[in-house]
file input_33.txt (compact mmCIF, C-alpha atoms and all ligand atoms)
# COMPACT_ATOMS: atom_id res chain seq x y z
CA MET A 1 30.00 -81.71 -5.71
CA SER A 2 30.69 -80.32 -2.23
CA GLY A 3 32.50 -83.18 -0.50
CA PRO A 4 32.54 -83.50 3.30
CA PRO A 5 31.91 -80.37 5.42
CA CYS A 6 35.01 -78.17 5.48
CA ALA A 7 34.04 -76.49 8.80
CA ASP A 8 31.28 -76.55 11.38
CA VAL A 9 30.13 -73.14 10.20
CA ILE A 10 30.87 -71.07 7.08
CA VAL A 11 30.58 -67.32 7.59
CA ILE A 12 30.13 -65.25 4.41
CA GLY A 13 31.68 -61.81 5.02
CA ALA A 14 34.57 -60.73 7.24
CA GLY A 15 33.22 -57.30 8.17
CA ILE A 16 32.63 -56.53 11.82
CA VAL A 17 29.41 -58.57 11.98
CA GLY A 18 30.82 -61.72 10.36
CA ALA A 19 33.97 -61.36 12.48
CA ALA A 20 31.96 -61.07 15.71
CA CYS A 21 29.95 -64.19 14.81
CA ALA A 22 33.12 -66.13 13.92
CA HIS A 23 34.80 -65.00 17.16
CA GLU A 24 31.94 -66.23 19.34
CA LEU A 25 31.68 -69.54 17.46
CA ALA A 26 35.43 -70.10 17.81
CA LYS A 27 35.24 -69.35 21.54
CA ARG A 28 32.87 -72.30 21.82
CA GLY A 29 35.38 -74.56 20.06
CA LEU A 30 33.62 -74.71 16.68
CA ARG A 31 35.64 -74.72 13.45
CA VAL A 32 34.79 -71.67 11.37
CA LEU A 33 35.61 -70.89 7.75
CA VAL A 34 35.20 -67.19 6.93
CA LEU A 35 34.95 -66.34 3.23
CA ASP A 36 35.46 -62.75 2.16
CA ALA A 37 35.35 -61.23 -1.31
CA GLY A 38 37.44 -58.18 -0.42
CA ARG A 39 34.75 -55.75 -1.56
CA ARG A 40 34.03 -52.25 -0.25
CA ALA A 41 33.01 -52.97 3.34
CA ALA A 42 30.97 -50.65 5.54
CA THR A 43 33.26 -51.67 8.37
CA ALA A 44 36.19 -49.96 6.64
CA ALA A 45 34.13 -46.90 5.74
CA GLY A 46 32.34 -46.10 8.99
CA MET A 47 33.08 -43.92 12.00
CA GLY A 48 33.39 -46.65 14.60
CA HIS A 49 31.24 -44.74 17.08
CA LEU A 50 29.91 -47.15 19.73
CA LEU A 51 26.73 -45.59 20.97
CA VAL A 52 23.40 -46.32 22.56
CA LEU A 53 20.53 -45.26 20.30
CA ASP A 54 16.92 -45.30 21.45
CA ASP A 55 14.69 -44.78 18.40
CA ASN A 56 12.73 -47.83 19.57
CA PRO A 57 12.97 -50.31 22.47
CA ALA A 58 14.66 -53.01 20.37
CA GLU A 59 17.36 -50.63 19.15
CA LEU A 60 17.96 -49.46 22.70
CA ALA A 61 18.17 -53.02 24.03
CA LEU A 62 20.59 -54.21 21.35
CA SER A 63 22.83 -51.13 21.40
CA GLN A 64 22.97 -50.92 25.20
CA TYR A 65 23.83 -54.60 25.49
CA SER A 66 26.42 -54.34 22.70
CA VAL A 67 28.17 -51.22 24.01
CA GLN A 68 28.64 -53.07 27.29
CA ARG A 69 30.02 -56.09 25.42
CA TRP A 70 32.54 -53.83 23.63
CA ARG A 71 33.65 -52.49 27.01
CA ASP A 72 34.25 -56.10 28.12
CA TRP A 73 36.08 -57.03 24.89
CA ALA A 74 38.15 -53.84 25.07
CA ARG A 75 40.05 -55.23 28.05
CA ASP A 76 41.73 -57.75 25.68
CA MET A 77 41.90 -55.65 22.50
CA PRO A 78 45.25 -54.50 21.17
CA GLU A 79 45.99 -50.78 21.05
CA ASP A 80 45.61 -50.64 17.27
CA CYS A 81 41.87 -51.18 17.70
CA ALA A 82 41.94 -47.65 19.16
CA TYR A 83 39.11 -48.26 21.62
CA ARG A 84 38.33 -45.33 23.90
CA GLN A 85 35.39 -44.83 26.22
CA ASN A 86 35.18 -41.11 25.51
CA GLY A 87 31.40 -40.71 25.79
CA THR A 88 28.89 -39.09 23.47
CA LEU A 89 27.74 -35.51 23.88
CA TRP A 90 24.31 -34.94 22.33
CA LEU A 91 23.92 -31.27 21.42
CA ALA A 92 20.69 -29.31 21.79
CA ALA A 93 20.56 -26.23 19.54
CA ASN A 94 17.23 -24.90 20.82
CA ALA A 95 14.59 -25.37 23.49
CA GLU A 96 12.79 -28.04 21.50
CA GLU A 97 15.95 -30.13 21.23
CA MET A 98 16.66 -29.56 24.92
CA ALA A 99 13.27 -31.14 25.63
CA VAL A 100 14.39 -34.10 23.50
CA ALA A 101 17.60 -34.25 25.54
CA GLU A 102 15.60 -34.33 28.77
CA ALA A 103 13.31 -37.10 27.52
CA LYS A 104 16.35 -39.07 26.35
CA TYR A 105 18.00 -38.53 29.73
CA GLN A 106 14.94 -39.91 31.56
CA LEU A 107 14.72 -42.94 29.31
CA LEU A 108 18.42 -43.78 29.42
CA ARG A 109 18.50 -43.35 33.20
CA GLU A 110 15.53 -45.71 33.54
CA HIS A 111 17.63 -48.24 31.63
CA GLY A 112 20.53 -47.82 34.02
CA LEU A 113 22.78 -45.75 31.74
CA ASP A 114 25.24 -43.28 33.19
CA CYS A 115 24.31 -39.91 31.70
CA GLN A 116 24.15 -36.26 32.66
CA LEU A 117 22.18 -33.24 31.42
CA LEU A 118 24.29 -30.15 30.79
CA GLY A 119 23.03 -26.57 30.60
CA ALA A 120 24.52 -24.06 28.18
CA GLN A 121 27.39 -23.05 30.49
CA ALA A 122 28.30 -26.57 31.51
CA LEU A 123 28.30 -27.60 27.84
CA ALA A 124 30.62 -24.75 26.89
CA ALA A 125 32.95 -25.64 29.76
CA CYS A 126 32.94 -29.28 28.70
CA GLU A 127 33.69 -28.59 25.01
CA PRO A 128 34.92 -24.99 24.53
CA GLU A 129 35.20 -25.36 20.74
CA LEU A 130 31.42 -25.52 20.36
CA ARG A 131 29.72 -22.38 19.13
CA THR A 132 28.03 -20.13 21.64
CA GLY A 133 24.27 -20.11 21.88
CA LEU A 134 23.65 -23.84 22.16
CA HIS A 135 20.99 -24.68 24.76
CA GLY A 136 22.76 -27.56 26.38
CA GLY A 137 23.38 -31.22 25.93
CA LEU A 138 23.30 -34.74 27.22
CA LYS A 139 26.45 -36.65 28.05
CA VAL A 140 26.33 -40.46 27.79
CA ARG A 141 29.47 -41.70 29.50
CA GLY A 142 29.53 -45.36 28.50
CA ASP A 143 29.67 -44.74 24.72
CA GLY A 144 32.99 -45.07 22.94
CA ILE A 145 34.89 -45.33 19.68
CA LEU A 146 37.12 -47.85 17.98
CA TYR A 147 38.88 -48.50 14.70
CA ALA A 148 36.54 -51.13 13.29
CA PRO A 149 38.73 -52.73 10.56
CA ASN A 150 41.38 -53.60 13.15
CA ALA A 151 38.75 -54.75 15.62
CA ALA A 152 37.38 -57.11 12.95
CA ARG A 153 40.88 -58.47 12.28
CA TRP A 154 41.41 -58.98 16.01
CA LEU A 155 38.11 -60.85 16.35
CA LEU A 156 39.19 -63.26 13.61
CA GLN A 157 42.44 -64.23 15.32
CA SER A 158 41.77 -67.74 16.56
CA PRO A 159 43.20 -71.14 15.71
CA HIS A 160 39.58 -72.22 15.14
CA ILE A 161 39.04 -69.64 12.40
CA GLU A 162 40.28 -69.83 8.82
CA LEU A 163 39.87 -66.63 6.80
CA ARG A 164 39.89 -67.30 3.06
CA PRO A 165 39.64 -64.71 0.26
CA ALA A 166 36.76 -65.97 -1.90
CA THR A 167 33.55 -64.70 -3.43
CA VAL A 168 30.40 -66.70 -2.80
CA VAL A 169 28.17 -66.65 -5.88
CA GLU A 170 25.43 -69.08 -4.84
CA ILE A 171 23.94 -70.61 -1.72
CA ASP A 172 22.23 -73.96 -1.94
CA GLY A 173 21.09 -75.56 1.31
CA ARG A 174 24.11 -75.80 3.57
CA ARG A 175 26.63 -75.33 0.79
CA VAL A 176 28.07 -72.42 -1.12
CA ARG A 177 29.48 -72.10 -4.61
CA LEU A 178 32.55 -69.93 -5.02
CA ALA A 179 33.39 -67.80 -8.05
CA ASP A 180 35.93 -70.44 -9.16
CA GLY A 181 33.15 -73.05 -9.29
CA GLN A 182 34.17 -74.90 -6.10
CA TRP A 183 31.41 -75.99 -3.70
CA LEU A 184 31.97 -75.91 0.08
CA SER A 185 29.62 -77.20 2.76
CA ALA A 186 29.18 -76.91 6.52
CA GLU A 187 26.62 -77.70 9.21
CA ALA A 188 25.44 -74.10 9.05
CA LEU A 189 26.01 -71.00 6.92
CA ILE A 190 25.96 -67.45 8.26
CA LEU A 191 25.26 -64.70 5.76
CA ALA A 192 27.02 -61.56 7.02
CA ASN A 193 27.92 -59.74 3.82
CA GLY A 194 26.24 -56.44 4.57
CA VAL A 195 24.82 -54.48 1.68
CA TYR A 196 25.63 -57.30 -0.77
CA ALA A 197 23.23 -59.76 0.89
CA ARG A 198 20.58 -59.33 -1.81
CA GLU A 199 22.89 -60.70 -4.48
CA LEU A 200 22.71 -64.08 -2.77
CA CYS A 201 19.22 -63.72 -1.26
CA PRO A 202 17.18 -61.32 -3.43
CA GLU A 203 14.19 -61.68 -1.09
CA LEU A 204 15.94 -59.79 1.72
CA PRO A 205 14.55 -56.25 2.19
CA ILE A 206 17.89 -54.46 2.26
CA GLU A 207 18.68 -51.16 0.61
CA ALA A 208 21.94 -49.25 0.36
CA LYS A 209 22.09 -45.96 2.27
CA LYS A 210 25.14 -43.99 1.24
CA GLY A 211 27.16 -41.94 3.71
CA HIS A 212 30.00 -39.42 3.33
CA LEU A 213 32.82 -38.93 5.82
CA LEU A 214 35.88 -36.72 6.09
CA ILE A 215 38.98 -36.87 8.27
CA THR A 216 41.21 -33.94 9.21
CA ASP A 217 44.89 -33.64 9.86
CA ARG A 218 46.08 -34.07 13.47
CA TYR A 219 44.82 -31.45 15.93
CA PRO A 220 45.09 -33.09 19.37
CA GLY A 221 42.93 -31.89 22.22
CA ARG A 222 40.34 -29.87 20.30
CA ILE A 223 37.43 -31.97 21.59
CA SER A 224 37.22 -35.00 23.83
CA HIS A 225 33.69 -36.41 23.37
CA THR A 226 32.00 -37.55 20.19
CA LEU A 227 29.69 -34.65 19.39
CA VAL A 228 26.33 -35.40 17.80
CA GLU A 229 23.54 -32.93 17.21
CA LEU A 230 20.20 -33.98 18.63
CA GLY A 231 18.61 -33.13 15.30
CA TYR A 232 20.44 -36.32 14.15
CA VAL A 233 17.58 -38.46 15.35
CA SER A 234 14.95 -36.63 13.30
CA SER A 235 16.99 -35.19 10.43
CA ALA A 236 19.23 -38.10 9.61
CA HIS A 237 18.48 -41.41 11.18
CA ASN A 238 14.84 -41.64 10.22
CA ALA A 239 14.72 -39.58 7.06
CA SER A 240 14.03 -41.05 3.63
CA GLY A 241 15.46 -38.16 1.57
CA PRO A 242 19.11 -37.02 1.58
CA SER A 243 20.02 -35.61 4.97
CA VAL A 244 22.98 -34.49 7.05
CA ALA A 245 23.62 -34.09 10.75
CA ALA A 246 26.65 -32.83 12.64
CA ASN A 247 28.71 -35.70 14.01
CA ILE A 248 32.29 -34.91 15.04
CA GLN A 249 34.55 -37.51 16.59
CA PRO A 250 38.03 -37.11 18.10
CA ARG A 251 40.37 -39.94 17.08
CA PRO A 252 43.19 -41.03 19.39
CA THR A 253 45.61 -39.73 16.71
CA GLY A 254 44.32 -36.19 17.22
CA GLN A 255 42.45 -36.28 13.92
CA LEU A 256 38.77 -35.42 13.69
CA PHE A 257 36.22 -37.55 11.87
CA ILE A 258 33.41 -35.47 10.44
CA GLY A 259 30.07 -36.94 9.39
CA ALA A 260 27.40 -37.73 8.64
CA SER A 261 25.23 -37.85 5.54
CA ARG A 262 22.56 -40.28 4.44
CA GLN A 263 21.05 -40.85 1.03
CA PHE A 264 19.11 -43.64 -0.65
CA GLY A 265 19.28 -44.40 -4.36
CA SER A 266 22.97 -43.68 -4.83
CA ASP A 267 25.35 -46.59 -4.41
CA SER A 268 28.27 -45.29 -6.44
CA PRO A 269 31.46 -44.82 -4.40
CA GLU A 270 32.09 -41.27 -5.64
CA VAL A 271 32.26 -38.38 -3.20
CA GLU A 272 29.50 -35.99 -4.20
CA GLY A 273 30.66 -32.42 -3.71
CA TRP A 274 27.26 -30.96 -2.93
CA MET A 275 26.59 -33.55 -0.24
CA LEU A 276 30.04 -33.23 1.29
CA ALA A 277 29.67 -29.43 1.38
CA LYS A 278 26.24 -29.67 3.01
CA MET A 279 27.61 -32.06 5.64
CA LEU A 280 30.62 -29.87 6.41
CA ARG A 281 28.54 -26.69 6.66
CA ARG A 282 26.42 -28.45 9.25
CA ALA A 283 29.45 -29.52 11.29
CA VAL A 284 31.01 -26.04 11.08
CA ASP A 285 27.75 -24.58 12.32
CA TYR A 286 28.30 -26.46 15.60
CA MET A 287 32.09 -26.16 15.75
CA PRO A 288 33.19 -23.02 13.86
CA GLY A 289 36.91 -23.73 14.32
CA LEU A 290 36.60 -26.70 11.96
CA ALA A 291 36.57 -24.26 9.04
CA GLY A 292 40.26 -23.49 9.60
CA LEU A 293 41.48 -27.11 9.74
CA ASN A 294 43.05 -29.16 6.95
CA ALA A 295 41.11 -32.13 5.66
CA ILE A 296 43.22 -35.00 4.42
CA ARG A 297 40.64 -37.38 2.94
CA SER A 298 36.95 -37.82 2.29
CA TRP A 299 35.18 -40.99 1.23
CA THR A 300 31.83 -42.74 1.16
CA GLY A 301 30.37 -46.03 2.36
CA LEU A 302 27.12 -47.93 2.09
CA ARG A 303 24.95 -48.85 5.05
CA ALA A 304 22.72 -51.93 4.67
CA ALA A 305 19.32 -50.57 5.67
CA SER A 306 16.30 -52.72 6.53
CA PRO A 307 12.79 -51.21 6.43
CA ASP A 308 12.55 -50.89 10.23
CA GLY A 309 16.21 -50.05 10.82
CA LEU A 310 16.86 -53.21 12.82
CA PRO A 311 19.10 -56.06 11.71
CA LEU A 312 17.83 -59.46 10.58
CA LEU A 313 19.19 -62.02 13.02
CA GLY A 314 18.13 -65.64 12.81
CA GLN A 315 17.57 -68.60 10.57
CA HIS A 316 16.09 -67.85 7.16
CA PRO A 317 12.47 -69.06 7.56
CA GLN A 318 12.51 -70.77 4.16
CA ARG A 319 16.13 -71.91 3.89
CA PRO A 320 17.07 -74.26 6.73
CA GLY A 321 20.75 -74.06 7.61
CA LEU A 322 21.14 -70.48 6.38
CA TRP A 323 21.47 -67.97 9.23
CA LEU A 324 21.16 -64.25 8.61
CA ALA A 325 23.18 -61.49 10.27
CA VAL A 326 22.50 -58.56 7.94
CA GLY A 327 20.78 -55.17 7.75
CA HIS A 328 22.71 -53.26 10.43
CA GLU A 329 22.31 -49.83 8.81
CA GLY A 330 24.37 -47.15 10.57
CA LEU A 331 24.86 -49.02 13.83
CA GLY A 332 26.52 -52.29 12.89
CA VAL A 333 29.87 -51.66 14.49
CA THR A 334 28.10 -50.92 17.75
CA THR A 335 25.67 -53.83 17.52
CA ALA A 336 28.03 -56.51 16.17
CA PRO A 337 28.64 -58.18 19.57
CA GLY A 338 24.95 -58.31 20.47
CA SER A 339 24.06 -59.50 16.97
CA ALA A 340 26.54 -62.35 17.29
CA ASP A 341 25.18 -63.34 20.69
CA LEU A 342 21.56 -63.30 19.52
CA LEU A 343 22.36 -65.31 16.40
CA LEU A 344 24.47 -67.89 18.21
CA ALA A 345 21.87 -68.34 20.92
CA GLN A 346 19.45 -69.47 18.20
CA LEU A 347 21.99 -71.51 16.28
CA LEU A 348 23.33 -73.35 19.32
CA GLY A 349 20.17 -73.51 21.43
CA GLU A 350 21.48 -71.19 24.16
CA THR A 351 19.40 -68.74 26.20
CA PRO A 352 19.41 -65.42 24.32
CA PRO A 353 20.51 -62.36 26.27
CA LEU A 354 17.62 -60.30 24.85
CA ALA A 355 14.13 -61.01 23.51
CA LEU A 356 14.66 -62.24 19.93
CA GLU A 357 11.38 -61.31 18.25
CA PRO A 358 12.18 -57.77 17.04
CA TYR A 359 15.20 -59.01 15.09
CA LEU A 360 13.85 -62.24 13.54
CA PRO A 361 13.97 -62.29 9.72
CA GLN A 362 10.40 -63.63 9.47
CA ARG A 363 9.03 -60.25 10.56
CA PHE A 364 9.28 -59.31 6.88
CA PRO A 365 6.54 -60.89 4.73
CA GLY A 366 8.81 -61.16 1.67
CA VAL A 367 11.30 -63.28 3.61
CA ARG A 368 8.53 -65.35 5.21
CA ALA A 369 6.90 -66.06 1.86
CA HIS A 370 10.08 -66.83 -0.07
CA ALA A 371 9.73 -70.20 -1.80
C1 LIG A 401 29.54 -43.63 6.43
C2 LIG A 401 29.23 -44.66 7.47
C3 LIG A 401 29.39 -44.36 8.82
C4 LIG A 401 29.10 -45.31 9.80
N1 LIG A 401 29.33 -45.01 11.11
C5 LIG A 401 29.05 -45.95 12.06
C6 LIG A 401 29.30 -45.68 13.43
O1 LIG A 401 29.83 -44.63 13.78
N2 LIG A 401 28.96 -46.63 14.35
C7 LIG A 401 28.39 -47.81 13.98
O2 LIG A 401 28.07 -48.61 14.86
N3 LIG A 401 28.18 -48.12 12.69
C8 LIG A 401 28.49 -47.22 11.73
N4 LIG A 401 28.25 -47.49 10.42
C9 LIG A 401 27.61 -48.76 10.08
C10 LIG A 401 28.59 -49.89 10.12
O3 LIG A 401 29.80 -49.51 9.48
C11 LIG A 401 27.98 -51.12 9.44
O4 LIG A 401 26.69 -51.36 9.97
C12 LIG A 401 28.83 -52.35 9.69
O5 LIG A 401 30.18 -52.10 9.36
C13 LIG A 401 28.29 -53.50 8.86
O6 LIG A 401 29.20 -54.57 8.98
P1 LIG A 401 28.98 -55.89 8.17
O7 LIG A 401 30.00 -56.86 8.65
O8 LIG A 401 27.53 -56.28 8.24
O9 LIG A 401 29.19 -55.51 6.63
P2 LIG A 401 30.50 -55.01 5.86
O10 LIG A 401 31.44 -54.31 6.74
O11 LIG A 401 30.01 -54.29 4.64
O12 LIG A 401 31.21 -56.37 5.43
C14 LIG A 401 30.67 -57.20 4.44
C15 LIG A 401 31.78 -58.09 3.94
O13 LIG A 401 31.19 -59.08 3.08
C16 LIG A 401 32.09 -59.32 2.03
N5 LIG A 401 31.32 -59.87 0.91
C17 LIG A 401 30.39 -59.23 0.18
N6 LIG A 401 29.85 -60.06 -0.73
C18 LIG A 401 30.49 -61.26 -0.58
C19 LIG A 401 30.38 -62.51 -1.23
N7 LIG A 401 29.49 -62.71 -2.20
N8 LIG A 401 31.19 -63.51 -0.84
C20 LIG A 401 32.08 -63.32 0.18
N9 LIG A 401 32.20 -62.15 0.83
C21 LIG A 401 31.42 -61.13 0.46
C22 LIG A 401 32.73 -57.98 1.73
O14 LIG A 401 33.98 -58.17 1.07
C23 LIG A 401 32.83 -57.35 3.11
O15 LIG A 401 34.10 -57.55 3.68
C24 LIG A 401 28.58 -46.58 9.41
C25 LIG A 401 28.45 -46.90 8.06
C26 LIG A 401 28.78 -45.95 7.09
C27 LIG A 401 28.65 -46.33 5.65
call {"tool": "encode", "arguments": {"input": "input_33.txt", "output": "structure tokens", "more": "lines below"}}
Ligand SMILES: Cc1cc2nc3c(=O)[nH]c(=O)nc-3n(C[C@H](O)[C@H](O)[C@H](O)COP(=O)(O)OP(=O)(O)OC[C@H]3O[C@@H](n4cnc5c(N)ncnc54)[C@H](O)[C@@H]3O)c2cc1C
result
Amino acid sequence: MSGPPCADVIVIGAGIVGAACAHELAKRGLRVLVLDAGRRAATAAGMGHLLVLDDNPAELALSQYSVQRWRDWARDMPEDCAYRQNGTLWLAANAEEMAVAEAKYQLLREHGLDCQLLGAQALAACEPELRTGLHGGLKVRGDGILYAPNAARWLLQSPHIELRPATVVEIDGRRVRLADGQWLSAEALILANGVYARELCPELPIEAKKGHLLITDRYPGRISHTLVELGYVSSAHNASGPSVAANIQPRPTGQLFIGASRQFGSDSPEVEGWMLAKMLRRAVDYMPGLAGLNAIRSWTGLRAASPDGLPLLGQHPQRPGLWLAVGHEGLGVTTAPGSADLLLAQLLGETPPLALEPYLPQRFPGVRAHA
């Protein structure tokens, strides 16, 4: 028995994606019930780097749109969300990567992004802690950082939103069954539970991609941009085997976040020493001074990876009333605002801000065919 609808929309998952969807629904005056199981969330594990990535046109469109939306939201965000527009500095270690930087520069400029190519000297002047011998870099000024768990909490602060601790164990039409046996119903359900989506919808093509991170003690002023090696695009983002890439981010506290690793087939939370060591060696290779700093914590998180790296945003083709906002891989903090806008445009019949096709769940045959 589910009784009368308890909200206009039930959102399953209070990570950054579910929170962004709830926020936008509440802004339109809809009553939203957000159910969250309190499990290990990628939102709490990630780096909170807001960046434009351009592996393919759809990723570029969604990340560019979303980074702009974060800049707009940041005007109202409290300080504990730790938003900063500090820019990304893509690092080219050799001539080949410098050519990648130049191609990226052209593409991003064509899309109206504010960016600048730096030669070796300009790069060293910009970030003196980098090792000598790098070929140059590309600075993307509009990128930023934030503390995603607090941003998610901020997004959920609305009299139209009720956040309830509860685990959904079954979805049936427009109703959900909770672990205590209670059924709840609404006009629409949004599934935004990240890497756990397959437990409720086994037909979704989502795999866990584990990542390690480490944070240092406070060392203010060492670097100002988020530093990412250009090899990241080939060695980490697209790889299927375990991979690492230097990714070093200055936090407003003066701490440094060090990432990033990626591996499939391991979804245990444990920090794996060999992987952590590999990741740190890579970061130290770009910023030698890191070797002398104190680390205070390392941890892991799971990214929800779809086969083409893009999220699934839209109504489940075989389950009317169930709307999907899952599969954000390593970019879900960045793309949460755009994901919410694209999903709500479909749900509420509004004009979408971007072409929807690349993100529709029915692009995957297994989802299309699900009975
Ligand atoms: C190591 C690492 C680094 C990253 N760095 C970045 C970065 O720098 N920039 C970036 O943009 N992205 C980054 N990401 C990716 C980003 O963190 C994720 O894409 C994003 O947080 C996904 O948010 P989500 O809301 O979809 O899922 P999650 O944050 O995982 O939230 C899912 C929520 O669903 C709840 N839930 C699960 N099952 C149920 C259930 N049955 N019933 C009710 N609730 C349930 C959980 O309790 C959880 O709160 C990183 C990820 C990792 C792992």
call {"tool": "residues_near_ligand", "arguments": {"input": "input_33.txt", "ligand": "ligand LIG 401 (chain A)", "cutoff": "6 Å", "atoms": "all atoms listed in the file", "output": "ChimeraX atom specification"}}
result
/A:12-18,35-39,41-43,45-50,166-169,192-196,211-213,300-303,326,328-334
call {"tool": "atom_distance", "arguments": {"input": "input_33.txt", "atom1": "CA of Ala245 in chain A", "atom2": "CA of Leu53 in chain A"}}
result
15.0 Å
call {"tool": "residues_around", "arguments": {"input": "input_33.txt", "residues": "range 78-92 of chain A", "least_positions_apart": "3", "cutoff": "9 Å", "atoms": "all atoms listed in the file", "output": "JSON, numbers by chain"}}
result
{"A": [49, 50, 51, 70, 71, 74, 75, 95, 96, 97, 98, 99, 100, 101, 123, 134, 135, 136, 137, 138, 139, 140, 141, 142, 143, 144, 145, 146, 147, 148, 149, 150, 151, 152, 154, 224, 225, 226, 227, 228, 229, 230, 231, 250, 251, 252, 286]}
call {"tool": "write_last_selection", "arguments": {"input": "input_33.txt", "atoms": "C-alpha atoms", "output": "short mmCIF file (atom, residue, chain, number, x, y, z; two decimals), in the frame of the given file"}}
result
data_model
loop_
_atom_site.label_atom_id
_atom_site.label_comp_id
_atom_site.auth_asym_id
_atom_site.auth_seq_id
_atom_site.Cartn_x
_atom_site.Cartn_y
_atom_site.Cartn_z
CA HIS A 49 31.24 -44.74 17.08
CA LEU A 50 29.91 -47.15 19.73
CA LEU A 51 26.73 -45.59 20.97
CA TRP A 70 32.54 -53.83 23.63
CA ARG A 71 33.65 -52.49 27.01
CA ALA A 74 38.15 -53.84 25.07
CA ARG A 75 40.05 -55.23 28.05
CA ALA A 95 14.59 -25.37 23.49
CA GLU A 96 12.79 -28.04 21.50
CA GLU A 97 15.95 -30.13 21.23
CA MET A 98 16.66 -29.56 24.92
CA ALA A 99 13.27 -31.14 25.63
CA VAL A 100 14.39 -34.10 23.50
CA ALA A 101 17.60 -34.25 25.54
CA LEU A 123 28.30 -27.60 27.84
CA LEU A 134 23.65 -23.84 22.16
CA HIS A 135 20.99 -24.68 24.76
CA GLY A 136 22.76 -27.56 26.38
CA GLY A 137 23.38 -31.22 25.93
CA LEU A 138 23.30 -34.74 27.22
CA LYS A 139 26.45 -36.65 28.05
CA VAL A 140 26.33 -40.46 27.79
CA ARG A 141 29.47 -41.70 29.50
CA GLY A 142 29.53 -45.36 28.50
CA ASP A 143 29.67 -44.74 24.72
CA GLY A 144 32.99 -45.07 22.94
CA ILE A 145 34.89 -45.33 19.68
CA LEU A 146 37.12 -47.85 17.98
CA TYR A 147 38.88 -48.50 14.70
CA ALA A 148 36.54 -51.13 13.29
CA PRO A 149 38.73 -52.73 10.56
CA ASN A 150 41.38 -53.60 13.15
CA ALA A 151 38.75 -54.75 15.62
CA ALA A 152 37.38 -57.11 12.95
CA TRP A 154 41.41 -58.98 16.01
CA SER A 224 37.22 -35.00 23.83
CA HIS A 225 33.69 -36.41 23.37
CA THR A 226 32.00 -37.55 20.19
CA LEU A 227 29.69 -34.65 19.39
CA VAL A 228 26.33 -35.40 17.80
CA GLU A 229 23.54 -32.93 17.21
CA LEU A 230 20.20 -33.98 18.63
CA GLY A 231 18.61 -33.13 15.30
CA PRO A 250 38.03 -37.11 18.10
CA ARG A 251 40.37 -39.94 17.08
CA PRO A 252 43.19 -41.03 19.39
CA TYR A 286 28.30 -26.46 15.60
#
call {"tool": "closest_residue", "arguments": {"input": "input_33.txt", "among": "A:Gly327, A:Pro57, A:Pro288, A:Gly259", "to": "Leu313 in chain A", "atoms": "all atoms listed in the file"}}
result
A:Gly327
call {"tool": "axis_aligned_box", "arguments": {"input": "input_33.txt", "around": "range 203-219 of chain A", "padding_each_side": "3 Å", "output": "AutoDock Vina command-line options"}}
result
--center_x 30.1 --center_y -46.6 --center_z 7.4 --size_x 37.9 --size_y 36.2 --size_z 23.0
call {"tool": "atom_distance", "arguments": {"input": "input_33.txt", "atom1": "CA of Arg363 in chain A", "atom2": "CA of Leu310 in chain A"}}
result
10.8 Å
call {"tool": "decode", "arguments": {"input": "input_33.txt", "residues": "range 257-282 of chain A", "atoms": "C-alpha atoms", "output": "PDB file, in the first residue's frame"}}
result
ATOM      1  CA  PHE A 257      44.486  17.678  -2.502  1.00  0.00           C
ATOM      2  CA  ILE A 258      46.489  15.141  -4.457  1.00  0.00           C
ATOM      3  CA  GLY A 259      44.941  12.792  -7.004  1.00  0.00           C
ATOM      4  CA  ALA A 260      44.085  10.983  -9.084  1.00  0.00           C
ATOM      5  CA  SER A 261      43.885   7.261  -9.720  1.00  0.00           C
ATOM      6  CA  ARG A 262      41.388   5.173 -11.623  1.00  0.00           C
ATOM      7  CA  GLN A 263      40.751   1.450 -11.519  1.00  0.00           C
ATOM      8  CA  PHE A 264      37.893  -0.840 -12.514  1.00  0.00           C
ATOM      9  CA  GLY A 265      37.092  -4.103 -10.761  1.00  0.00           C
ATOM     10  CA  SER A 266      37.882  -2.964  -7.229  1.00  0.00           C
ATOM     11  CA  ASP A 267      35.030  -1.511  -5.228  1.00  0.00           C
ATOM     12  CA  SER A 268      36.363  -2.113  -1.734  1.00  0.00           C
ATOM     13  CA  PRO A 269      36.922   1.089   0.268  1.00  0.00           C
ATOM     14  CA  GLU A 270      40.470   0.168   1.318  1.00  0.00           C
ATOM     15  CA  VAL A 271      43.391   2.389   0.392  1.00  0.00           C
ATOM     16  CA  GLU A 272      45.713   0.254  -1.710  1.00  0.00           C
ATOM     17  CA  GLY A 273      49.315   1.122  -0.912  1.00  0.00           C
ATOM     18  CA  TRP A 274      50.712   0.340  -4.346  1.00  0.00           C
ATOM     19  CA  MET A 275      48.146   2.538  -6.066  1.00  0.00           C
ATOM     20  CA  LEU A 276      48.556   5.391  -3.607  1.00  0.00           C
ATOM     21  CA  ALA A 277      52.346   5.238  -4.032  1.00  0.00           C
ATOM     22  CA  LYS A 278      52.052   5.245  -7.824  1.00  0.00           C
ATOM     23  CA  MET A 279      49.729   8.259  -7.687  1.00  0.00           C
ATOM     24  CA  LEU A 280      51.987  10.200  -5.323  1.00  0.00           C
ATOM     25  CA  ARG A 281      55.119   9.467  -7.349  1.00  0.00           C
ATOM     26  CA  ARG A 282      53.350  10.942 -10.353  1.00  0.00           C
TER      27      ARG A 282
END
